[in-house]
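Asks: Below is the structure I would like to discuss, written out as structure tokens.
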Amino acid sequence: MPNKIVHESGNLHVTGKAVYIDDINTPSNTLHGFIVTSPIAKGILKSFDLSDALETPGVHAILSYKDIPGQNQMGTIVHDEVILVEKDIEFIGQGLFIIAADNEHCALNAKAKIKMEIEELEPVISLEDSMKLGLKLHDTIVMESGNINTEFAKCDHIIEAQIENGGQEHWYLETQVSLAIPGEYDEIKIYSSTQHPSETQALIAEALHVGKHAVVVETRRLGGAFGGKETQANNVAIWASLLANKTQKPVKIRLFRDEDQKITGKRHPFLINYKIGFNNDGIIKAYFVDFNANAGYSSDLSMAILARARTHAENAYFIPNIRIESTAWKTNIPSNTAFRGFGGPQGIYAIEDAMERVALKLGKEPAEIKYKNFYKHDINNTTPYGEIVENNRIYTIWDKIIEDSDYYSRKKKINEFNKNNEFKKRGIALTPVKFGISFNTPFLNQAGSLVNIYTDGTVLVNHGGIEMGQGLHTKIGQIVADEFGISLNKVKVNATITSTVPNTSATAASSGTDMNGMAAKNAADKLIARFKEFLTKHWSANTYKCQPENIIFKDNKVIDLGNDLNNIEFTEAVNLLYLDRISLSAQGFYKTPNLYFNNETQKGRPFHYFVWGISISEVELDILTGRHKILRTDILHDTGHSFNENIDIGQIEGAFIQGVGWCTSEEMKWDKKGNLLNHSPDTYKIPGIRDIPEIFNVELLKNAPNPNTIKQSKAVGEPPFIHGLSVFFAIKHATAAVNDHKKYPNLNIPATHEKIILAIDELKNNK
Ligand code: MTE
Ligand code: HPA
Ligand code: MOS
């Protein structure tokens, strides 16, 4: 099958015909759901009176926490998030009451009539303040290997530094949305913008105090998610369900852009302290790193995100003595959450920063220092958490990209350029990536499917994964079409529905295709076994005995390689099975093999395999304005044996540029009271078309089949986000050129124009 198949919804996306949740035709009695949110970041809801508000024309229901039939709780891992405030208010935008009304206008009228008494308390907004006050959300977790204390004492050099990174708004184009439709008895159907339908279903069942079997969550597609809908679509889904349950009418809630940006969580800002010990030859001997994350008001996924930061703290480098500490700190802002990379980018940012500093200190080329410290093949290949690094591809990638990108000669030219130009400086940087694939919570690594063949020979694939633009359904369609040897247009991937495939994991950790693809294949294989069993008998006659291994599925036909006469259309075979009363529907299941992790010792094998890549970016900086442009980026990235190169390259390009946004222009500004000041696209700058590198070479590593995965491919969704760091370090390199690389610039993520100017000022004035 050709390997460049386009996205199954591509046509619909570009013509506006794709049906997102807000586009679903709603029954005429559908009500508008509205949330009354907290105007303060910390305080106490002392009393409230909804009676006047309930009299407002067009209002069907107003609910407080007292009206929740089940648990007032939507915390996923830790139960520390109420659905509606009972007493303690913890951030601006927290849900106080929910209203079902004929329209928004009626809801706003009702809101104005709600009486409440709130006592305002002093909020904690910044990570620094939370750390000063000791507001740990959980105990610090430590991962350790070797002995840093004895090794630091032996090192030729030690560098200590403090760095930080900002948060990042997901900026999915479709804001959080849910349509809840009540059925008979306690049944309810919810269309939700969730990456995790089974969890959304579970929380709704608990809130409504009904069995999960009464709750059906359905999702056709998301208009982007990027981790922002792994947990944080739940609120809207639960609120809509509560209102639908109360009014017994359909209720839709769709957040406005500004509202969505204000009340949902983002990537975790980190404050990182590190200490790195190394010898004159540039070999790293010891590394201590302390990750502090601004978690926001509740746990959400923070602990899992810190776990991924820990398991990515060493990136592609073997560091024999390492101690990684990590702490989630509580603040009065929305709860920060999953975002592409899931703590990995923050972890890798720190070690890459350390590598750059080591190089500067030794007066050596940073790429050389990185190369020297890469994991080796048979020795020095154990990660700090005890997993052996197998199939290390960093050297193959290095050899090719260093040559293709002309790295060393360009670096020379850049140094020349910088000598001859006062107001423009250029910089180049190389960023290696090693990213672990699997959920870092082993039990989540399971997936299911249900494949139905109909008597006209068409196939409907159900699986537990969510299509969010990443091309999951396209790939699953390809997998099943290939198994049955039929055209792709005979296979349709269904919307994701909790009643068809139950108890699924989030589509996250980049493992959507790996796991659901295997589950779909498993179902298809079961069906193929039924075809073969039947046809073996059907095609054996007198002296000829048909062998099952001779039966193949190809070109929309089923063929017996042992007998030319046995050659029928796939549809005909389907009908033969049907007439013989053989089931044409099968469930599939998959669990990623050999994963384990001990939380006490922080050792195990959390990842099925690693994804590798290297990026090289060159930028030009205008040192008077702080503006930069990306002159060129080369990325060589490992997707195993890619079975959809278009999609994989699209994922790499998109992830890279999203990484660039995090590293450069995206900055969150909170005031002291906990208001997010920039909550719309005119003040929050995501990358645009002009931010794409002038020369942009993205290549997939060739001849790199991955053992033991679907079609020998590798996951692609998150790892290339890290390549955005090459732009950040190129900017840093260009910044350092203002005083001839004598000093390491004091420049953090995001390197906005303003911050670049400040860093340049510091360097020039030798502050
Ligand atoms: N690509 C698009 N277009 N939209 C998205 O929301 N999410 C990313 C990545 N690529 C995302 C995307 C994230 S955070 C993850 S974990 C993976 O896709 C999830 O899908 P997969 O596991 O099928 O790759
Ligand atoms: N990625 C995304 N979501 C998760 C993970 C992960 O590694 N672990 C638990 N939830
Ligand atoms: Mo992706 S952050 O694992 O949804």
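Simple scheme: letters A, B, ... for chains in structure tokens order, numbers from 1 for residues in each chain, numbers from 1 for ligands in the order shown.
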Which residues sit within 10 Å of ligand 2, counting only C-alpha atoms and all ligand atoms, listed as an MDAnalysis selection string?
Replies: chainID A and resid 77 227 230:231 300:309 337:344 436:445 505:511 606:607 718
Asks: Could you turn the residues from that selection into a file that holds N, CA and C atoms, as a CSV table (one decimal), in the first residue's frame?
Replies:
chain,number,residue,atom,x,y,z
A,77,ILE,N,-6.7,11.4,39.5
A,77,ILE,CA,-5.9,10.5,40.2
A,77,ILE,C,-6.0,10.7,41.7
A,227,GLY,N,-3.0,17.5,24.8
A,227,GLY,CA,-2.9,17.2,26.2
A,227,GLY,C,-3.9,18.0,27.0
A,230,GLU,N,-6.9,15.9,28.1
A,230,GLU,CA,-6.7,14.6,28.7
A,230,GLU,C,-7.5,14.5,30.0
A,231,THR,N,-7.5,15.6,30.8
A,231,THR,CA,-8.4,15.6,32.0
A,231,THR,C,-9.3,16.8,31.9
A,300,ASP,N,-4.2,17.1,39.5
A,300,ASP,CA,-4.4,16.7,38.1
A,300,ASP,C,-3.3,15.7,37.8
A,301,LEU,N,-2.6,15.9,36.7
A,301,LEU,CA,-1.6,14.9,36.3
A,301,LEU,C,-0.1,15.3,36.7
A,302,SER,N,0.0,16.3,37.6
A,302,SER,CA,1.3,16.8,37.9
A,302,SER,C,2.3,15.8,38.3
A,303,MET,N,1.9,14.8,39.1
A,303,MET,CA,2.8,13.8,39.6
A,303,MET,C,3.4,12.9,38.4
A,304,ALA,N,2.5,12.6,37.5
A,304,ALA,CA,2.9,11.8,36.3
A,304,ALA,C,3.8,12.7,35.4
A,305,ILE,N,3.5,13.9,35.3
A,305,ILE,CA,4.3,14.9,34.5
A,305,ILE,C,5.7,15.0,35.1
A,306,LEU,N,5.8,15.1,36.4
A,306,LEU,CA,7.1,15.2,37.1
A,306,LEU,C,7.8,13.8,36.9
A,307,ALA,N,7.1,12.7,36.8
A,307,ALA,CA,7.7,11.4,36.6
A,307,ALA,C,8.4,11.4,35.2
A,308,ARG,N,7.7,12.0,34.2
A,308,ARG,CA,8.3,12.0,32.9
A,308,ARG,C,9.5,13.0,32.9
A,309,ALA,N,9.4,14.1,33.6
A,309,ALA,CA,10.5,15.0,33.7
A,309,ALA,C,11.8,14.3,34.3
A,337,THR,N,-1.6,21.0,33.5
A,337,THR,CA,-2.0,19.7,33.0
A,337,THR,C,-1.0,19.2,32.0
A,338,ALA,N,-1.5,18.1,31.3
A,338,ALA,CA,-0.7,17.5,30.2
A,338,ALA,C,-0.5,18.5,29.1
A,339,PHE,N,0.6,18.5,28.5
A,339,PHE,CA,0.9,19.3,27.3
A,339,PHE,C,2.0,18.6,26.6
A,340,ARG,N,1.8,18.2,25.3
A,340,ARG,CA,2.7,17.6,24.4
A,340,ARG,C,4.2,17.5,25.0
A,341,GLY,N,4.6,16.3,25.3
A,341,GLY,CA,5.9,16.1,25.9
A,341,GLY,C,5.8,15.8,27.4
A,342,PHE,N,4.7,16.3,28.1
A,342,PHE,CA,4.3,15.8,29.4
A,342,PHE,C,5.5,15.9,30.4
A,343,GLY,N,6.2,17.0,30.5
A,343,GLY,CA,7.3,17.1,31.5
A,343,GLY,C,8.6,16.8,30.9
A,344,GLY,N,8.6,16.0,29.8
A,344,GLY,CA,9.8,15.7,29.1
A,344,GLY,C,10.6,16.9,28.6
A,436,GLY,N,11.0,8.5,25.7
A,436,GLY,CA,10.5,7.2,26.1
A,436,GLY,C,9.0,7.0,25.7
A,437,ILE,N,8.7,5.9,25.0
A,437,ILE,CA,7.3,5.7,24.6
A,437,ILE,C,6.7,4.6,25.5
A,438,SER,N,5.5,5.0,26.0
A,438,SER,CA,4.6,4.3,26.9
A,438,SER,C,4.1,5.3,27.9
A,439,PHE,N,2.9,5.0,28.4
A,439,PHE,CA,2.4,5.7,29.6
A,439,PHE,C,3.4,5.4,30.7
A,440,ASN,N,3.8,6.4,31.5
A,440,ASN,CA,4.7,6.0,32.6
A,440,ASN,C,4.0,5.4,33.8
A,441,THR,N,2.7,5.2,33.6
A,441,THR,CA,1.9,4.4,34.6
A,441,THR,C,1.6,3.1,33.9
A,442,PRO,N,2.3,2.0,34.3
A,442,PRO,CA,2.2,0.8,33.4
A,442,PRO,C,0.8,0.3,33.1
A,443,PHE,N,-0.2,0.3,34.0
A,443,PHE,CA,-1.5,-0.3,33.7
A,443,PHE,C,-2.2,0.5,32.6
A,444,LEU,N,-1.9,1.7,32.4
A,444,LEU,CA,-2.6,2.5,31.3
A,444,LEU,C,-2.2,2.0,29.9
A,445,ASN,N,-1.2,1.1,29.8
A,445,ASN,CA,-0.8,0.7,28.5
A,445,ASN,C,-1.6,-0.5,28.0
A,505,SER,N,-7.8,3.7,27.9
A,505,SER,CA,-7.0,4.8,28.4
A,505,SER,C,-7.1,6.0,27.6
A,506,ALA,N,-6.5,7.1,28.1
A,506,ALA,CA,-6.5,8.4,27.3
A,506,ALA,C,-5.7,8.1,26.0
A,507,THR,N,-6.1,8.9,25.0
A,507,THR,CA,-5.2,8.9,23.8
A,507,THR,C,-4.1,9.9,24.2
A,508,ALA,N,-3.0,9.5,24.6
A,508,ALA,CA,-1.9,10.3,25.1
A,508,ALA,C,-0.7,9.5,25.1
A,509,ALA,N,0.4,10.2,25.6
A,509,ALA,CA,1.7,9.5,25.7
A,509,ALA,C,2.2,9.0,24.3
A,510,SER,N,1.6,9.7,23.3
A,510,SER,CA,2.0,9.4,21.9
A,510,SER,C,1.7,7.9,21.4
A,511,SER,N,1.0,7.2,22.3
A,511,SER,CA,0.9,5.7,22.0
A,511,SER,C,-0.4,5.3,21.4
A,606,PRO,N,9.9,1.4,32.3
A,606,PRO,CA,8.7,2.1,32.0
A,606,PRO,C,8.4,2.3,30.5
A,607,PHE,N,9.4,2.1,29.7
A,607,PHE,CA,9.2,2.4,28.3
A,607,PHE,C,9.4,1.2,27.4
A,718,GLU,N,4.6,13.3,20.3
A,718,GLU,CA,5.2,14.2,21.2
A,718,GLU,C,6.7,14.5,21.0
Asks: Run DSSP on the backbone of this structure and report the residues of stretch 96-274 of chain A it assigns to helix (DSSP H, G or I), as number ranges by chain.
Replies: A: 104-113, 127-133, 148-154, 197-208, 212-214, 234-247, 257-263
Asks: Set the distance at 7 Å and use only C-alpha atoms: which residues neighbour A:Leu621 once local chain neighbours fewer than 3 positions away are removed? I'd like the list as a PyMOL selection string.
Replies: chain A and resi 424-426+626-629+734
Asks: Using only C-alpha atoms and all ligand atoms, find each residue in chain A having at least one atom no more than 10 Å away from ligand 1; report its shortest atom-to-atom pair and that distance in Å (one decimal), rows by chain then rising number, as CSV.
Replies:
residue,atom,partner,partner_atom_place_in_ligand_line,distance
A:His170,CA,ligand 1,6 (O),8.6
A:Trp171,CA,ligand 1,6 (O),9.5
A:Tyr172,CA,ligand 1,6 (O),6.9
A:Leu173,CA,ligand 1,6 (O),9.5
A:Gln195,CA,ligand 1,19 (C),8.6
A:Leu222,CA,ligand 1,6 (O),7.4
A:Gly223,CA,ligand 1,6 (O),7.3
A:Gly224,CA,ligand 1,6 (O),3.7
A:Ala225,CA,ligand 1,6 (O),3.5
A:Phe226,CA,ligand 1,7 (N),3.6
A:Gly227,CA,ligand 1,14 (S),4.4
A:Gly228,CA,ligand 1,14 (S),7.8
A:Lys229,CA,ligand 1,6 (O),8.5
A:Glu230,CA,ligand 1,14 (S),8.7
A:Ala338,CA,ligand 1,14 (S),7.3
A:Phe339,CA,ligand 1,14 (S),5.5
A:Arg340,CA,ligand 1,14 (S),3.5
A:Gly341,CA,ligand 1,14 (S),6.5
A:Phe342,CA,ligand 1,14 (S),7.6
A:Ile437,CA,ligand 1,22 (O),9.8
A:Ser438,CA,ligand 1,22 (O),9.6
A:Phe439,CA,ligand 1,16 (S),9.7
A:Gly465,CA,ligand 1,23 (O),7.2
A:Ile466,CA,ligand 1,23 (O),7.4
A:Glu467,CA,ligand 1,23 (O),7.2
A:Met468,CA,ligand 1,6 (O),4.8
A:Gly469,CA,ligand 1,3 (N),3.7
A:Gln470,CA,ligand 1,1 (N),3.8
A:Gly471,CA,ligand 1,23 (O),7.0
A:Leu472,CA,ligand 1,23 (O),4.9
A:His473,CA,ligand 1,23 (O),8.5
A:Lys475,CA,ligand 1,23 (O),9.0
A:Ile476,CA,ligand 1,23 (O),9.8
A:Ala506,CA,ligand 1,16 (S),8.8
A:Thr507,CA,ligand 1,22 (O),5.5
A:Ala508,CA,ligand 1,16 (S),3.6
A:Ala509,CA,ligand 1,16 (S),4.3
A:Ser510,CA,ligand 1,22 (O),3.3
A:Ser511,CA,ligand 1,22 (O),4.0
A:Gly512,CA,ligand 1,22 (O),3.3
A:Thr513,CA,ligand 1,23 (O),5.0
A:Asp514,CA,ligand 1,22 (O),7.5
A:Met515,CA,ligand 1,22 (O),8.5
A:Asn516,CA,ligand 1,23 (O),8.7
A:Gly517,CA,ligand 1,23 (O),9.5
A:Ile647,CA,ligand 1,3 (N),9.4
A:Asp648,CA,ligand 1,24 (O),9.4
A:Gly650,CA,ligand 1,3 (N),8.3
A:Gln651,CA,ligand 1,1 (N),6.1
A:Ile652,CA,ligand 1,10 (N),8.8
A:Gly654,CA,ligand 1,1 (N),7.3
A:Ala655,CA,ligand 1,10 (N),7.1
A:Lys714,CA,ligand 1,24 (O),9.7
A:Ala715,CA,ligand 1,24 (O),6.2
A:Val716,CA,ligand 1,24 (O),5.8
A:Gly717,CA,ligand 1,9 (C),3.8
A:Glu718,CA,ligand 1,9 (C),5.5
A:Pro719,CA,ligand 1,9 (C),9.1
A:Pro720,CA,ligand 1,9 (C),9.7
A:Phe721,CA,ligand 1,9 (C),9.2
Asks: Would you please extract all strand (DSSP E) residues from stretch 686-734 of chain A, as assigned by DSSP on the backbone, and give them as a list in words?
Replies: Ile695, Phe696, Asn697, Val698, Glu699 and Leu700 of chain A
Asks: Those same residues - C-alpha atoms - I'd like them written as a compact mmCIF listing (two decimals), in the first residue's frame.
Replies:
# COMPACT_ATOMS: atom_id res chain seq x y z
CA ILE A 695 14.76 26.62 5.13
CA PHE A 696 13.04 23.71 6.80
CA ASN A 697 14.32 20.19 6.17
CA VAL A 698 12.44 17.46 7.96
CA GLU A 699 13.53 13.94 7.21
CA LEU A 700 12.56 10.55 8.57
Asks: Within 12 Å of A:Ser126, counting only C-alpha atoms, which residues qualify if same-chain residues fewer than 3 places away don't, as a ChimeraX atom specification?
Replies: /A:123,129-133,135,166-167,268-271,292-297,329-333,668-675
Asks: Generate a file of the selected residues that holds C-alpha atoms, formatted as a PDB file, in the first residue's frame.
Replies:
ATOM      1  CA  PRO A 123      -3.800  34.078  47.018  1.00  0.00           C
ATOM      2  CA  ASP A 129       5.959  32.384  46.595  1.00  0.00           C
ATOM      3  CA  SER A 130       4.584  28.874  46.863  1.00  0.00           C
ATOM      4  CA  MET A 131       8.107  27.521  47.424  1.00  0.00           C
ATOM      5  CA  LYS A 132       8.865  30.189  50.025  1.00  0.00           C
ATOM      6  CA  LEU A 133       5.712  29.259  51.883  1.00  0.00           C
ATOM      7  CA  LEU A 135       3.151  24.765  49.828  1.00  0.00           C
ATOM      8  CA  GLY A 166       7.146  29.365  31.436  1.00  0.00           C
ATOM      9  CA  GLY A 167       3.831  27.653  30.885  1.00  0.00           C
ATOM     10  CA  HIS A 268       3.742  23.477  33.938  1.00  0.00           C
ATOM     11  CA  PRO A 269       6.193  26.320  34.489  1.00  0.00           C
ATOM     12  CA  PHE A 270       9.336  24.919  36.142  1.00  0.00           C
ATOM     13  CA  LEU A 271      12.007  26.449  38.326  1.00  0.00           C
ATOM     14  CA  ASN A 292       9.963  22.469  40.822  1.00  0.00           C
ATOM     15  CA  ALA A 293       6.666  22.647  39.000  1.00  0.00           C
ATOM     16  CA  ASN A 294       3.907  25.174  39.409  1.00  0.00           C
ATOM     17  CA  ALA A 295       1.028  22.705  39.613  1.00  0.00           C
ATOM     18  CA  GLY A 296      -1.788  25.182  40.103  1.00  0.00           C
ATOM     19  CA  TYR A 297      -4.518  24.502  42.644  1.00  0.00           C
ATOM     20  CA  TRP A 329       3.916  23.186  44.274  1.00  0.00           C
ATOM     21  CA  LYS A 330       0.437  24.480  44.896  1.00  0.00           C
ATOM     22  CA  THR A 331      -0.694  27.917  43.683  1.00  0.00           C
ATOM     23  CA  ASN A 332      -4.057  29.612  43.193  1.00  0.00           C
ATOM     24  CA  ILE A 333      -4.214  29.312  39.422  1.00  0.00           C
ATOM     25  CA  MET A 668       1.621  33.878  30.366  1.00  0.00           C
ATOM     26  CA  LYS A 669       1.153  37.016  32.432  1.00  0.00           C
ATOM     27  CA  TRP A 670      -0.668  36.722  35.743  1.00  0.00           C
ATOM     28  CA  ASP A 671      -1.356  39.668  38.005  1.00  0.00           C
ATOM     29  CA  LYS A 672      -0.910  39.419  41.768  1.00  0.00           C
ATOM     30  CA  LYS A 673      -4.589  38.649  42.253  1.00  0.00           C
ATOM     31  CA  GLY A 674      -4.424  35.641  39.948  1.00  0.00           C
ATOM     32  CA  ASN A 675      -5.971  37.115  36.802  1.00  0.00           C
TER      33      ASN A 675
END
Asks: Using only C-alpha atoms, I'd like a table of the residues in stretch 146-262 of chain A that come within 12 Å of stretch 741-747 of chain A; for each, show the closest atom pair and its distance in Å rounded to one decimal, ordered by chain and ascending number, as a Markdown table.
Replies:
| residue | atom | partner | partner_atom | distance |
| --- | --- | --- | --- | --- |
| A:Ile159 | CA | A:Tyr744 | CA | 11.6 |
| A:Ala161 | CA | A:Asn746 | CA | 10.1 |
| A:Gln162 | CA | A:Asn746 | CA | 9.7 |
| A:Ile163 | CA | A:Leu747 | CA | 8.3 |
| A:Glu164 | CA | A:Leu747 | CA | 9.0 |
| A:Asn165 | CA | A:Leu747 | CA | 9.9 |
Asks: Would you please work out which residue, of A:Asn566, A:Ile98, A:Leu127, A:Thr455, is nearest to A:Arg581 when using only C-alpha atoms?
Replies: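 Counting only C-alpha atoms, the residue closest to A:Arg581 is A:Thr455.
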Asks: Separation of atom CA of A:Gly604 and atom CA of A:Thr383, in Å?
Replies: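 Atom CA of A:Thr383 lies at a distance of 9.8 Å from atom CA of A:Gly604.
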Asks: Could you please determine the separation between atom CA of A:Gln248 and atom CA of A:Asn29 in Å, to one decimal place?
Replies: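 Atom CA of A:Gln248 sits 10.2 Å away from atom CA of A:Asn29.
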Asks: Quick one: residues within 10 Å of stretch 521-531 of chain A, only C-alpha atoms, excluding same-chain residues fewer than 3 positions away - as a compact mmCIF listing (two decimals) with N, CA, C and O atoms, in the first residue's frame?
Replies:
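Final file, around_33.txt:
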# COMPACT_ATOMS: atom_id res chain seq x y z
N GLY A 448 -8.29 -1.43 23.35
CA GLY A 448 -9.27 -2.38 22.84
C GLY A 448 -9.83 -1.94 21.49
O GLY A 448 -9.68 -0.79 21.08
N SER A 449 -10.48 -2.90 20.82
CA SER A 449 -11.10 -2.58 19.52
C SER A 449 -12.27 -3.51 19.26
O SER A 449 -12.42 -4.54 19.91
N LEU A 450 -13.06 -3.12 18.30
CA LEU A 450 -14.18 -3.96 17.84
C LEU A 450 -14.26 -3.76 16.34
O LEU A 450 -14.52 -2.65 15.87
N VAL A 451 -14.01 -4.83 15.60
CA VAL A 451 -14.02 -4.73 14.14
C VAL A 451 -15.23 -5.49 13.60
O VAL A 451 -15.42 -6.67 13.91
N ASN A 452 -16.05 -4.81 12.82
CA ASN A 452 -17.24 -5.42 12.22
C ASN A 452 -17.08 -5.48 10.71
O ASN A 452 -16.76 -4.45 10.09
N ILE A 453 -17.31 -6.66 10.15
CA ILE A 453 -17.38 -6.75 8.69
C ILE A 453 -18.86 -6.89 8.34
O ILE A 453 -19.56 -7.73 8.92
N VAL A 461 -14.35 -0.07 11.88
CA VAL A 461 -13.41 -0.30 12.97
C VAL A 461 -13.75 0.63 14.12
O VAL A 461 -13.84 1.85 13.95
N ILE A 476 -5.09 3.78 11.63
CA ILE A 476 -5.80 2.56 12.02
C ILE A 476 -6.53 1.99 10.80
O ILE A 476 -6.55 0.77 10.58
N ILE A 479 -4.07 0.13 8.74
CA ILE A 479 -3.67 -1.15 9.36
C ILE A 479 -4.70 -2.23 9.03
O ILE A 479 -4.37 -3.33 8.58
N VAL A 480 -5.98 -1.89 9.22
CA VAL A 480 -7.03 -2.89 9.01
C VAL A 480 -7.20 -3.21 7.52
O VAL A 480 -7.34 -4.37 7.13
N ALA A 481 -7.14 -2.19 6.68
CA ALA A 481 -7.24 -2.42 5.23
C ALA A 481 -6.11 -3.35 4.78
O ALA A 481 -6.34 -4.29 3.99
N ASP A 482 -4.91 -3.13 5.27
CA ASP A 482 -3.77 -3.98 4.92
C ASP A 482 -3.98 -5.42 5.38
O ASP A 482 -3.65 -6.36 4.66
N GLU A 483 -4.50 -5.58 6.59
CA GLU A 483 -4.71 -6.94 7.11
C GLU A 483 -5.66 -7.72 6.21
O GLU A 483 -5.41 -8.87 5.89
N PHE A 484 -6.76 -7.06 5.79
CA PHE A 484 -7.76 -7.75 4.96
C PHE A 484 -7.43 -7.66 3.47
O PHE A 484 -8.18 -8.19 2.64
N MET A 515 -0.88 1.41 20.35
CA MET A 515 -1.74 0.52 21.14
C MET A 515 -3.06 0.20 20.43
O MET A 515 -3.43 -0.96 20.33
N ASN A 516 -3.75 1.21 19.94
CA ASN A 516 -5.04 0.93 19.28
C ASN A 516 -4.82 0.23 17.95
O ASN A 516 -5.66 -0.57 17.52
N GLY A 517 -3.69 0.53 17.32
CA GLY A 517 -3.35 -0.15 16.06
C GLY A 517 -3.16 -1.64 16.30
O GLY A 517 -3.65 -2.47 15.52
N MET A 518 -2.47 -1.97 17.37
CA MET A 518 -2.27 -3.38 17.71
C MET A 518 -3.60 -4.04 18.09
O MET A 518 -3.85 -5.19 17.73
N PHE A 534 -12.74 -21.53 7.74
CA PHE A 534 -13.86 -21.88 6.88
C PHE A 534 -13.39 -22.24 5.47
O PHE A 534 -13.77 -23.28 4.91
N LEU A 535 -12.55 -21.38 4.89
CA LEU A 535 -12.15 -21.58 3.49
C LEU A 535 -11.29 -22.83 3.30
O LEU A 535 -11.33 -23.47 2.25
N THR A 536 -10.52 -23.17 4.32
CA THR A 536 -9.73 -24.39 4.23
C THR A 536 -10.65 -25.59 3.97
O THR A 536 -10.38 -26.43 3.11
N PRO A 548 -4.24 -23.67 5.23
CA PRO A 548 -4.57 -22.32 5.68
C PRO A 548 -3.47 -21.30 5.41
O PRO A 548 -3.75 -20.16 5.07
N ILE A 551 -3.62 -19.33 2.18
CA ILE A 551 -4.70 -18.38 1.90
C ILE A 551 -4.22 -16.97 2.20
O ILE A 551 -3.76 -16.69 3.30
N ILE A 552 -4.30 -16.12 1.18
CA ILE A 552 -3.86 -14.73 1.40
C ILE A 552 -4.98 -13.76 1.04
O ILE A 552 -5.89 -14.09 0.28
N PHE A 553 -4.88 -12.57 1.62
CA PHE A 553 -5.87 -11.50 1.41
C PHE A 553 -5.16 -10.38 0.67
O PHE A 553 -4.26 -9.75 1.21
N VAL A 558 -9.64 -12.91 -1.89
CA VAL A 558 -9.05 -13.94 -1.04
C VAL A 558 -8.58 -15.05 -1.97
O VAL A 558 -9.36 -15.53 -2.82
N ALA A 573 -16.26 -13.89 -0.09
CA ALA A 573 -15.80 -14.67 1.06
C ALA A 573 -16.62 -14.30 2.30
O ALA A 573 -17.05 -15.17 3.08
N VAL A 574 -16.85 -13.00 2.45
CA VAL A 574 -17.64 -12.52 3.59
C VAL A 574 -19.01 -13.19 3.57
O VAL A 574 -19.50 -13.70 4.59
N LEU A 576 -19.90 -15.98 2.15
CA LEU A 576 -19.82 -17.42 2.43
C LEU A 576 -19.80 -17.66 3.94
O LEU A 576 -20.48 -18.55 4.45
N LEU A 577 -19.03 -16.84 4.63
CA LEU A 577 -18.97 -17.00 6.09
C LEU A 577 -20.32 -16.68 6.72
O LEU A 577 -20.79 -17.38 7.62
N ILE A 582 -21.10 -17.75 10.58
CA ILE A 582 -19.85 -17.46 11.30
C ILE A 582 -19.82 -15.97 11.61
O ILE A 582 -20.10 -15.14 10.73
N SER A 583 -19.51 -15.65 12.82
CA SER A 583 -19.52 -14.23 13.25
C SER A 583 -18.50 -13.41 12.47
O SER A 583 -17.34 -13.81 12.32
N LEU A 584 -18.96 -12.26 12.01
CA LEU A 584 -18.10 -11.35 11.24
C LEU A 584 -17.70 -10.13 12.07
O LEU A 584 -17.42 -9.06 11.54
N SER A 585 -17.71 -10.33 13.34
CA SER A 585 -17.37 -9.23 14.23
C SER A 585 -16.44 -9.77 15.31
O SER A 585 -16.65 -10.87 15.81
N ALA A 586 -15.39 -9.01 15.64
CA ALA A 586 -14.45 -9.49 16.67
C ALA A 586 -13.90 -8.34 17.49
O ALA A 586 -13.70 -7.23 16.99
N GLN A 587 -13.67 -8.66 18.75
CA GLN A 587 -13.01 -7.69 19.63
C GLN A 587 -11.52 -7.92 19.60
O GLN A 587 -11.06 -9.05 19.48
N GLY A 588 -10.78 -6.84 19.76
CA GLY A 588 -9.33 -6.97 19.85
C GLY A 588 -8.83 -6.33 21.13
O GLY A 588 -9.51 -5.49 21.73
N PHE A 589 -7.65 -6.75 21.55
CA PHE A 589 -7.08 -6.20 22.78
C PHE A 589 -5.56 -6.17 22.63
O PHE A 589 -4.98 -6.98 21.91
N TYR A 590 -4.94 -5.26 23.33
CA TYR A 590 -3.47 -5.20 23.32
C TYR A 590 -2.99 -4.64 24.64
O TYR A 590 -3.59 -3.71 25.18
N ILE A 710 3.53 -1.99 15.98
CA ILE A 710 2.62 -2.11 14.85
C ILE A 710 3.34 -1.71 13.55
O ILE A 710 3.87 -0.60 13.45
N LYS A 711 3.38 -2.63 12.63
CA LYS A 711 4.03 -2.42 11.33
C LYS A 711 5.46 -1.90 11.48
O LYS A 711 5.95 -1.15 10.64
Asks: Considering only C-alpha atoms, return as a list of chain:residue names whatever protein or nucleic-acid residues lie within 9 Å of A:Ala202, sequence-local ones (same chain, fewer than 3 positions apart) excluded.
Replies: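 Close residues of A:Ala202: A:Pro197, A:Ser198, A:Glu199, A:Ala205, A:Glu206, A:Ala207, A:Gly211, A:Lys212, A:Val215.
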Asks: Go through A:His79, A:Lys532, A:Lys434, A:Lys275 one by one, measure the shortest atom-to-atom distance of each to A:Ile324 using only C-alpha atoms, and give the residue with the smallest value.
Replies: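 Among the listed residues, A:Lys275 lies closest to A:Ile324.
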Asks: Considering only C-alpha atoms and all ligand atoms, can you say which of A:Ala110, A:Arg267, A:Leu137, A:Glu8 comes closest to ligand 3?
Replies: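 Looking only at the distances to ligand 3, the closest residue turns out to be A:Arg267.
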